[in-house]
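Text of the file target.tsv, holding TSV, C-alpha atoms:
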chain	number	residue	atom	x	y	z
A	12	MET	CA	26.91	36.78	-21.22
A	13	GLN	CA	28.93	36.46	-18.02
A	14	TYR	CA	25.75	35.37	-16.22
A	15	VAL	CA	25.07	32.29	-18.36
A	16	ILE	CA	27.36	29.83	-16.61
A	17	PRO	CA	26.71	30.98	-13.02
A	18	ILE	CA	22.95	30.90	-13.54
A	19	LEU	CA	23.16	27.53	-15.24
A	20	PHE	CA	25.19	26.07	-12.36
A	21	ALA	CA	22.90	27.61	-9.73
A	22	PHE	CA	19.86	26.21	-11.52
A	23	ILE	CA	21.35	22.70	-11.73
A	24	PHE	CA	22.40	22.70	-8.08
A	25	ILE	CA	19.04	23.97	-6.81
A	26	PHE	CA	17.21	21.50	-9.00
A	27	ALA	CA	19.37	18.66	-7.62
A	28	ILE	CA	18.73	19.75	-4.02
A	29	ILE	CA	14.98	19.78	-4.63
A	30	LYS	CA	15.22	16.33	-6.19
A	31	LYS	CA	17.21	15.20	-3.11
A	32	ILE	CA	20.24	14.17	-5.15
A	33	PRO	CA	23.44	13.90	-3.05
A	34	LEU	CA	25.40	16.80	-4.56
A	35	TYR	CA	28.81	16.02	-3.13
A	36	ASP	CA	28.74	12.33	-4.03
A	37	SER	CA	27.59	13.05	-7.55
A	38	PHE	CA	30.18	15.73	-8.13
A	39	VAL	CA	33.00	13.50	-6.89
A	40	GLU	CA	31.75	10.63	-9.00
A	41	GLY	CA	31.84	12.81	-12.10
A	42	ALA	CA	35.13	14.52	-11.35
A	43	LYS	CA	36.76	11.09	-10.99
A	44	GLY	CA	36.51	10.76	-14.74
A	45	ALA	CA	38.65	13.85	-15.37
A	46	ILE	CA	42.09	12.30	-15.00
A	47	PRO	CA	41.56	9.22	-17.22
A	48	PHE	CA	39.98	11.60	-19.72
A	49	ALA	CA	42.94	13.94	-19.76
A	50	LEU	CA	45.40	11.02	-19.83
A	51	GLY	CA	43.65	9.66	-22.89
A	52	ILE	CA	43.90	13.00	-24.65
A	53	PHE	CA	47.53	13.72	-23.80
A	54	PRO	CA	49.27	11.60	-26.49
A	55	TYR	CA	47.11	13.14	-29.21
A	56	LEU	CA	47.73	16.66	-27.99
A	57	ALA	CA	51.44	15.92	-27.78
A	58	CYS	CA	51.48	14.81	-31.42
A	59	ILE	CA	49.66	17.92	-32.64
A	60	PHE	CA	51.87	20.25	-30.63
A	61	ILE	CA	55.06	18.53	-31.75
A	62	LEU	CA	53.89	18.76	-35.33
A	63	ASN	CA	53.12	22.44	-34.90
A	64	TYR	CA	56.45	23.30	-33.37
A	65	LEU	CA	58.43	21.39	-35.99
A	66	PHE	CA	56.40	22.96	-38.77
A	67	GLU	CA	56.88	26.47	-37.42
A	68	GLU	CA	60.55	26.03	-36.57
A	69	SER	CA	61.49	24.54	-39.95
A	70	GLY	CA	60.27	27.61	-41.82
A	71	ILE	CA	57.98	25.45	-43.96
A	72	SER	CA	54.92	27.26	-42.64
A	73	ALA	CA	56.44	30.66	-43.52
A	74	PHE	CA	57.33	29.28	-46.95
A	75	LEU	CA	53.77	28.03	-47.47
A	76	VAL	CA	52.38	31.42	-46.50
A	77	LYS	CA	54.58	33.04	-49.14
A	78	LEU	CA	53.66	30.44	-51.73
A	79	LEU	CA	49.93	30.76	-51.12
A	80	SER	CA	49.63	34.51	-50.71
A	81	PRO	CA	48.90	35.15	-54.45
A	82	VAL	CA	46.03	32.64	-54.25
A	83	PHE	CA	44.78	34.36	-51.14
A	84	SER	CA	44.94	37.84	-52.57
A	85	PHE	CA	43.04	36.56	-55.60
A	86	LEU	CA	40.29	35.52	-53.17
A	87	GLN	CA	40.38	38.97	-51.54
A	88	ILE	CA	42.05	37.73	-48.37
A	89	PRO	CA	44.75	40.27	-47.42
A	90	LYS	CA	48.22	38.75	-47.41
A	91	GLU	CA	48.80	39.85	-43.82
A	92	LEU	CA	46.14	37.36	-42.76
A	93	CYS	CA	47.51	34.32	-44.62
A	94	SER	CA	49.35	32.86	-41.67
A	95	LEU	CA	46.27	33.18	-39.47
A	96	VAL	CA	44.11	31.35	-42.02
A	97	LEU	CA	46.72	28.60	-42.39
A	98	ILE	CA	47.47	28.10	-38.71
A	99	LYS	CA	43.88	28.09	-37.48
A	100	PRO	CA	43.04	24.47	-38.43
A	101	PHE	CA	46.16	23.19	-36.68
A	102	SER	CA	46.52	25.16	-33.51
A	103	GLY	CA	44.06	27.22	-31.51
A	104	SER	CA	46.71	28.73	-29.26
A	105	GLY	CA	48.94	29.46	-32.26
A	106	ALA	CA	46.06	31.23	-33.99
A	107	LEU	CA	45.33	33.27	-30.87
A	108	GLY	CA	48.99	34.29	-30.76
A	109	THR	CA	48.90	35.32	-34.43
A	110	LEU	CA	45.67	37.23	-33.80
A	111	SER	CA	47.12	39.30	-30.98
A	112	GLU	CA	50.20	39.97	-33.12
A	113	ILE	CA	47.96	41.32	-35.88
A	114	TYR	CA	46.15	43.49	-33.30
A	115	THR	CA	49.33	45.06	-32.01
A	116	THR	CA	50.91	45.50	-35.46
A	117	TYR	CA	47.96	47.00	-37.31
A	118	GLY	CA	45.90	48.52	-34.49
A	119	VAL	CA	42.97	46.73	-32.92
A	120	ASP	CA	40.27	48.70	-34.77
A	121	SER	CA	41.78	48.51	-38.27
A	122	TYR	CA	40.13	46.64	-41.12
A	123	LEU	CA	42.80	43.92	-40.96
A	124	SER	CA	42.24	43.35	-37.26
A	125	ARG	CA	38.47	43.21	-37.51
A	126	CYS	CA	38.83	40.83	-40.43
A	127	ALA	CA	41.24	38.68	-38.43
A	128	SER	CA	38.82	38.62	-35.47
A	129	VAL	CA	36.03	37.30	-37.66
A	130	ILE	CA	38.30	34.69	-39.24
A	131	TYR	CA	39.45	33.56	-35.81
A	132	GLY	CA	35.93	33.38	-34.43
A	133	SER	CA	34.30	31.70	-37.41
A	134	SER	CA	36.17	28.41	-37.48
A	135	GLU	CA	37.56	25.79	-35.15
A	136	THR	CA	40.82	23.92	-34.80
A	137	VAL	CA	39.85	21.16	-37.23
A	138	PHE	CA	42.80	18.85	-36.54
A	139	TYR	CA	42.38	19.15	-32.78
A	140	ILE	CA	38.81	17.95	-33.09
A	141	SER	CA	39.70	15.22	-35.59
A	142	SER	CA	42.19	13.70	-33.15
A	143	VAL	CA	40.87	14.48	-29.68
A	144	TYR	CA	37.19	13.68	-30.24
A	145	PHE	CA	38.09	10.22	-31.49
A	146	VAL	CA	40.25	9.25	-28.52
A	147	ASN	CA	37.88	6.55	-27.29
A	148	ALA	CA	36.56	5.58	-30.71
A	149	LYS	CA	37.36	2.92	-33.21
A	150	LYS	CA	39.36	3.82	-36.30
A	151	ARG	CA	37.37	5.75	-38.85
A	152	ASN	CA	38.16	7.22	-42.19
A	153	LEU	CA	37.77	10.95	-41.65
A	154	THR	CA	39.20	12.17	-44.94
A	155	LYS	CA	35.90	13.39	-46.35
A	156	PRO	CA	34.66	15.15	-43.21
A	157	ILE	CA	38.06	16.82	-42.75
A	158	ILE	CA	38.09	18.10	-46.34
A	159	ILE	CA	34.52	19.35	-45.99
A	160	SER	CA	35.34	21.15	-42.73
A	161	LEU	CA	38.46	22.77	-44.12
A	162	PHE	CA	36.64	23.89	-47.24
A	163	ALA	CA	33.70	25.31	-45.28
A	164	SER	CA	36.04	27.14	-42.89
A	165	PHE	CA	37.96	28.56	-45.81
A	166	CYS	CA	34.75	29.84	-47.40
A	167	SER	CA	33.91	31.64	-44.17
A	168	CYS	CA	37.37	33.25	-44.23
A	169	CYS	CA	36.70	34.70	-47.69
A	170	PHE	CA	33.26	35.77	-46.54
A	171	ALA	CA	34.74	37.37	-43.40
A	172	CYS	CA	37.00	39.60	-45.50
A	173	LEU	CA	34.09	40.67	-47.66
A	174	ILE	CA	31.69	41.38	-44.84
A	175	CYS	CA	34.23	43.40	-42.86
A	176	LYS	CA	34.52	45.75	-45.80
A	177	ILE	CA	30.80	46.48	-45.60
A	178	MET	CA	30.14	46.38	-41.87
B	28	MET	CA	45.81	12.06	-39.76
B	29	ASN	CA	48.56	9.52	-40.47
B	30	ILE	CA	49.33	11.03	-43.85
B	31	ILE	CA	49.33	14.61	-42.60
B	32	PHE	CA	51.54	13.78	-39.65
B	33	ALA	CA	53.96	11.80	-41.80
B	34	ILE	CA	54.32	14.47	-44.46
B	35	THR	CA	54.58	17.55	-42.23
B	36	THR	CA	56.94	16.08	-39.64
B	37	THR	CA	59.26	14.40	-42.16
B	38	PHE	CA	59.57	17.48	-44.32
B	39	SER	CA	60.08	19.72	-41.29
B	40	ILE	CA	62.81	17.47	-39.90
B	41	ILE	CA	64.60	17.29	-43.26
B	42	ALA	CA	64.41	21.07	-43.65
B	43	LEU	CA	65.72	21.57	-40.12
B	44	ILE	CA	68.69	19.25	-40.74
B	45	PHE	CA	69.89	21.85	-43.23
B	46	ILE	CA	68.91	24.98	-41.31
B	47	ASN	CA	69.37	24.20	-37.65
B	48	PRO	CA	69.77	20.55	-36.59
B	49	ASP	CA	69.70	21.42	-32.89
B	50	ALA	CA	66.16	22.72	-33.22
B	51	VAL	CA	64.70	19.30	-34.10
B	52	LEU	CA	64.75	17.77	-30.67
B	53	SER	CA	64.29	21.04	-28.79
B	54	SER	CA	61.19	22.05	-30.73
B	55	MET	CA	59.71	18.56	-30.32
B	56	LEU	CA	60.32	18.69	-26.59
B	57	GLU	CA	58.82	22.15	-26.42
B	58	GLY	CA	55.73	20.80	-28.21
B	59	GLY	CA	55.46	17.97	-25.70
B	60	GLU	CA	55.80	20.37	-22.81
B	61	LYS	CA	53.08	22.65	-24.15
B	62	ALA	CA	50.83	19.61	-24.60
B	63	LEU	CA	51.43	18.56	-21.00
B	64	GLU	CA	50.66	22.08	-19.77
B	65	LEU	CA	47.40	22.08	-21.69
B	66	THR	CA	46.53	18.58	-20.46
B	67	ILE	CA	46.91	19.67	-16.84
B	68	LYS	CA	44.74	22.72	-17.45
B	69	LEU	CA	42.17	20.56	-19.18
B	70	THR	CA	42.12	18.09	-16.28
B	71	ALA	CA	40.93	20.88	-14.02
B	72	VAL	CA	38.34	22.03	-16.56
B	73	TYR	CA	37.04	18.48	-17.03
B	74	ALA	CA	36.82	17.89	-13.29
B	75	VAL	CA	34.44	20.84	-13.02
B	76	TRP	CA	32.33	20.03	-16.05
B	77	LEU	CA	32.16	16.28	-15.51
B	78	GLY	CA	31.22	16.90	-11.87
B	79	VAL	CA	28.41	19.25	-12.79
B	80	PHE	CA	27.34	16.93	-15.55
B	81	LYS	CA	27.09	13.95	-13.18
B	82	ILE	CA	24.73	16.01	-11.03
B	83	MET	CA	22.63	16.76	-14.10
B	84	GLU	CA	22.65	13.10	-15.01
B	85	ASN	CA	21.63	11.97	-11.55
B	86	CYS	CA	18.62	14.26	-11.50
B	87	LYS	CA	17.78	13.42	-15.13
B	88	LEU	CA	18.15	17.04	-16.22
B	89	ASP	CA	20.32	16.02	-19.17
B	90	ARG	CA	17.56	13.85	-20.57
B	91	LYS	CA	14.96	16.64	-20.26
B	92	PHE	CA	17.30	19.04	-21.93
B	93	ALA	CA	18.16	16.66	-24.76
B	94	LYS	CA	14.45	16.19	-25.49
B	95	LEU	CA	14.21	19.87	-26.37
B	96	LEU	CA	16.87	19.54	-29.04
B	97	LYS	CA	15.63	16.23	-30.40
B	98	PRO	CA	13.84	17.63	-33.47
B	99	VAL	CA	16.93	19.57	-34.54
B	100	ASN	CA	19.14	16.55	-33.98
B	101	LYS	CA	16.80	14.33	-35.90
B	102	TYR	CA	16.96	16.63	-38.89
B	103	LEU	CA	20.76	16.81	-38.77
B	104	PHE	CA	21.79	13.32	-37.77
B	105	GLY	CA	18.85	11.03	-38.49
B	106	GLU	CA	17.64	8.61	-35.82
B	107	LEU	CA	20.02	8.67	-32.86
B	108	PRO	CA	20.43	6.29	-29.95
B	109	GLU	CA	19.08	8.01	-26.81
B	110	LYS	CA	22.37	8.30	-24.95
B	111	ALA	CA	24.17	9.67	-28.01
B	112	ASN	CA	21.38	12.22	-28.46
B	113	ASP	CA	21.96	13.40	-24.87
B	114	TYR	CA	25.68	13.96	-25.35
B	115	ILE	CA	25.29	15.55	-28.78
B	116	SER	CA	22.74	18.01	-27.39
B	117	LEU	CA	25.05	18.95	-24.53
B	118	ASN	CA	28.02	19.32	-26.85
B	119	LEU	CA	26.14	21.51	-29.31
B	120	SER	CA	24.70	23.80	-26.65
B	121	ALA	CA	28.10	24.13	-24.96
B	122	ASN	CA	29.50	25.03	-28.38
B	123	ILE	CA	26.85	27.64	-29.06
B	124	LEU	CA	27.33	29.26	-25.66
B	125	GLY	CA	31.10	29.26	-26.06
B	126	MET	CA	31.85	27.02	-23.06
B	127	SER	CA	34.97	25.75	-24.72
B	128	GLY	CA	36.00	23.52	-21.81
B	129	ALA	CA	32.74	21.61	-21.81
B	130	THR	CA	32.55	20.78	-25.50
B	131	THR	CA	35.41	18.28	-25.61
B	132	PRO	CA	34.27	15.81	-22.92
B	133	PHE	CA	30.74	15.74	-24.34
B	134	GLY	CA	32.12	15.40	-27.86
B	135	ILE	CA	34.29	12.44	-26.93
B	136	LYS	CA	31.42	10.78	-25.08
B	137	ALA	CA	29.04	11.36	-27.98
B	138	ILE	CA	31.36	9.72	-30.48
B	139	ALA	CA	32.17	6.82	-28.14
B	140	GLU	CA	28.41	6.33	-27.71
B	141	LEU	CA	27.77	6.41	-31.47
B	142	ASP	CA	30.52	3.82	-31.83
B	143	LYS	CA	28.49	1.28	-29.91
B	144	HIS	CA	25.90	1.23	-32.68
B	145	LYS	CA	26.07	0.18	-36.28
B	146	ASN	CA	25.75	2.47	-39.29
B	147	THR	CA	26.65	5.69	-37.58
B	148	ASP	CA	29.23	6.94	-40.08
B	149	TYR	CA	26.88	9.61	-41.35
B	150	ALA	CA	26.00	10.89	-37.88
B	151	VAL	CA	29.67	10.93	-36.87
B	152	ALA	CA	30.66	12.83	-40.04
B	153	MET	CA	27.88	15.38	-39.48
B	154	PHE	CA	28.77	15.78	-35.82
B	155	PHE	CA	32.42	16.25	-36.66
B	156	VAL	CA	31.78	18.83	-39.38
B	157	ILE	CA	29.41	20.86	-37.20
B	158	ASN	CA	31.99	20.95	-34.43
B	159	ALA	CA	34.86	21.71	-36.78
B	160	THR	CA	33.09	24.61	-38.49
B	161	SER	CA	32.21	26.14	-35.13
B	162	VAL	CA	28.76	27.20	-34.06
B	163	GLN	CA	29.85	29.61	-31.38
B	164	VAL	CA	27.60	32.63	-31.03
B	165	ILE	CA	29.72	34.81	-28.75
B	166	PRO	CA	33.45	34.78	-29.61
B	167	SER	CA	34.43	35.38	-25.99
B	168	SER	CA	38.20	35.03	-26.34
B	169	VAL	CA	38.29	37.52	-29.22
B	170	LEU	CA	36.15	39.98	-27.27
B	171	ALA	CA	38.36	39.70	-24.21
B	172	LEU	CA	41.51	40.25	-26.25
B	173	ARG	CA	40.03	43.24	-28.07
B	174	SER	CA	38.88	45.00	-24.92
B	175	SER	CA	42.23	44.35	-23.24
B	176	LEU	CA	43.86	46.24	-26.14
B	177	ASN	CA	41.48	49.20	-25.69
B	178	SER	CA	39.42	48.67	-28.82
B	179	SER	CA	36.91	51.49	-29.34
B	180	SER	CA	34.12	48.98	-29.93
B	181	PRO	CA	35.19	45.42	-29.16
B	182	ALA	CA	31.71	44.08	-29.88
B	183	ASP	CA	31.38	45.28	-33.47
B	184	ILE	CA	32.80	41.98	-34.73
B	185	ILE	CA	30.04	39.88	-33.13
B	186	LEU	CA	27.53	40.15	-35.95
B	187	PRO	CA	30.03	39.50	-38.78
B	188	THR	CA	31.41	36.55	-36.81
B	189	ILE	CA	27.97	35.06	-36.33
B	190	LEU	CA	27.24	35.44	-40.04
B	191	ALA	CA	30.58	33.94	-41.08
B	192	THR	CA	30.36	31.01	-38.70
B	193	LEU	CA	26.77	30.38	-39.73
B	194	LEU	CA	27.85	30.33	-43.35
B	195	SER	CA	30.65	27.82	-42.73
B	196	THR	CA	28.36	25.57	-40.71
B	197	VAL	CA	25.63	25.67	-43.36
B	198	ILE	CA	28.13	24.90	-46.13
B	199	GLY	CA	29.48	22.04	-44.00
B	200	ILE	CA	26.02	20.59	-43.34
B	201	VAL	CA	25.03	20.82	-47.00
B	202	LEU	CA	28.26	19.16	-48.16
B	203	VAL	CA	27.85	16.32	-45.67
B	204	LYS	CA	24.28	15.81	-46.86
B	205	VAL	CA	25.44	15.75	-50.48
B	206	PHE	CA	28.68	13.78	-50.26
B	207	ILE	CA	28.27	11.36	-47.40
B	208	LYS	CA	25.74	8.59	-47.71
B	209	LYS	CA	23.15	8.19	-45.04
B	210	ASP	CA	23.28	4.58	-43.89

Could you express the structure from this file as structure tokens?
Amino acid sequence: MQYVIPILFAFIFIFAIIKKIPLYDSFVEGAKGAIPFALGIFPYLACIFILNYLFEESGISAFLVKLLSPVFSFLQIPKELCSLVLIKPFSGSGALGTLSEIYTTYGVDSYLSRCASVIYGSSETVFYISSVYFVNAKKRNLTKPIIISLFASFCSCCFACLICKIM
Amino acid sequence: MNIIFAITTTFSIIALIFINPDAVLSSMLEGGEKALELTIKLTAVYAVWLGVFKIMENCKLDRKFAKLLKPVNKYLFGELPEKANDYISLNLSANILGMSGATTPFGIKAIAELDKHKNTDYAVAMFFVINATSVQVIPSSVLALRSSLNSSSPADIILPTILATLLSTVIGIVLVKVFIKKD
């Protein structure tokens, strides 16, 4: 897997040289776009992060985890993994933090940790995508797609817990 | 997004007034700082990917590549404008290969491109759901973390992860096809 990106880059560069494309000029032209891009994303990232920190700090997220854990255990999701399932749609870095906590608490090869790995790997940070991808776009109503994504991700969480019992 | 932001922040602030009023501003500032940190990191990542992508664009490699994925895209999104098809193809392949830095710029460009055309709500919804349910084949960050903690077999979660992520993506695609009208 570690060869994919280097080979891809080498292929593109060699192809460009054969086609007599000015490599340096093209690269600079493209890289120019990076700063306006990042500037455009910053306010949205700031909002998500501020939301996350407030939510975590206020204890509401811990309260929600407690409130929802009976529902989760009914769906065969162990209660130790509730916070991971709940944080994943909001914050990728938060979820990664929770994941490594689970690893160190329960041992990296335990059922809980394997289950947590699959949950982490099987879904994306839904609210990051719903804000950042639409930076340069007109206003859209994303309620339906967001609900669909959250539901689908949640299904894969339940599935993850089942499959880790077998495999 | 407006509703979610309004509800979560207001409730959190009210709760914090009772628990620890000092934490309101400090946690917000900490959030802002973390966002700035990430933005700077992302600037570097985008510079690399957008540079490489410009080279691809200038030698028309992106177009050739997008042609390969056209049948898949047509099935998922319906008829797409050519430029949008290019960006969507790049975004999806970056997603599959787990190049997490490259997905965002292509995703933003794809949606901005779709915006220039009429009746693209369905394609945008589908594109969003596919991205949000993740199509990554190799969960590289999980693997790295597991091996760093001396897991006896860090890779044994690959197959379950692929199955789970496939399931969520399929459910997502089916639900979009059922609940969102093709225009």

Residue hits in chain B, query chain A, radius 6 Å, all atoms listed in the file, as a ChimeraX atom specification: /B:36,39,42-43,54-55,58-59,62,66,70,73-74,77-78,81-82,86,134-135,139,152,156,159-161,166,178,188,191-192,195,198-199

For atom CA of Val79 of chain B and atom CA of Asn122 of chain B, the interatomic separation in Å (one decimal):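 Atom CA of Asn122 of chain B lies 16.7 Å from atom CA of Val79 of chain B.
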
Nearest candidate to Leu172 of chain B (options A:Tyr117, A:Glu112, A:Phe101, A:Tyr14; using all atoms listed in the file):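 With all atoms listed in the file as the atom set, the closest residue is A:Glu112.
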
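Here atom CA of Asn118 of chain B is placed at a distance of 8.7 Å from atom CA of Asn158 of chain B.
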
Between atom CA of Leu170 of chain B and atom CA of Gly103 of chain A, distance in Å (one decimal):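 Spanning atom CA of Leu170 of chain B to atom CA of Gly103 of chain A is a straight-line distance of 15.6 Å.
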
Nearest to Phe155 of chain B by atom-to-atom distance, counting all atoms listed in the file, from B:Val203, B:Val75, B:Leu176, B:Ala129: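 Ranked by minimum distance to Phe155 of chain B, first place goes to B:Val203.
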
Given all atoms listed in the file as the counted atoms, nearest of B:Leu194, B:Met83, B:Leu88, B:Ile157 to Phe104 of chain B: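 Ranking B:Leu194, B:Met83, B:Leu88, B:Ile157 by distance to Phe104 of chain B, first place goes to B:Ile157.
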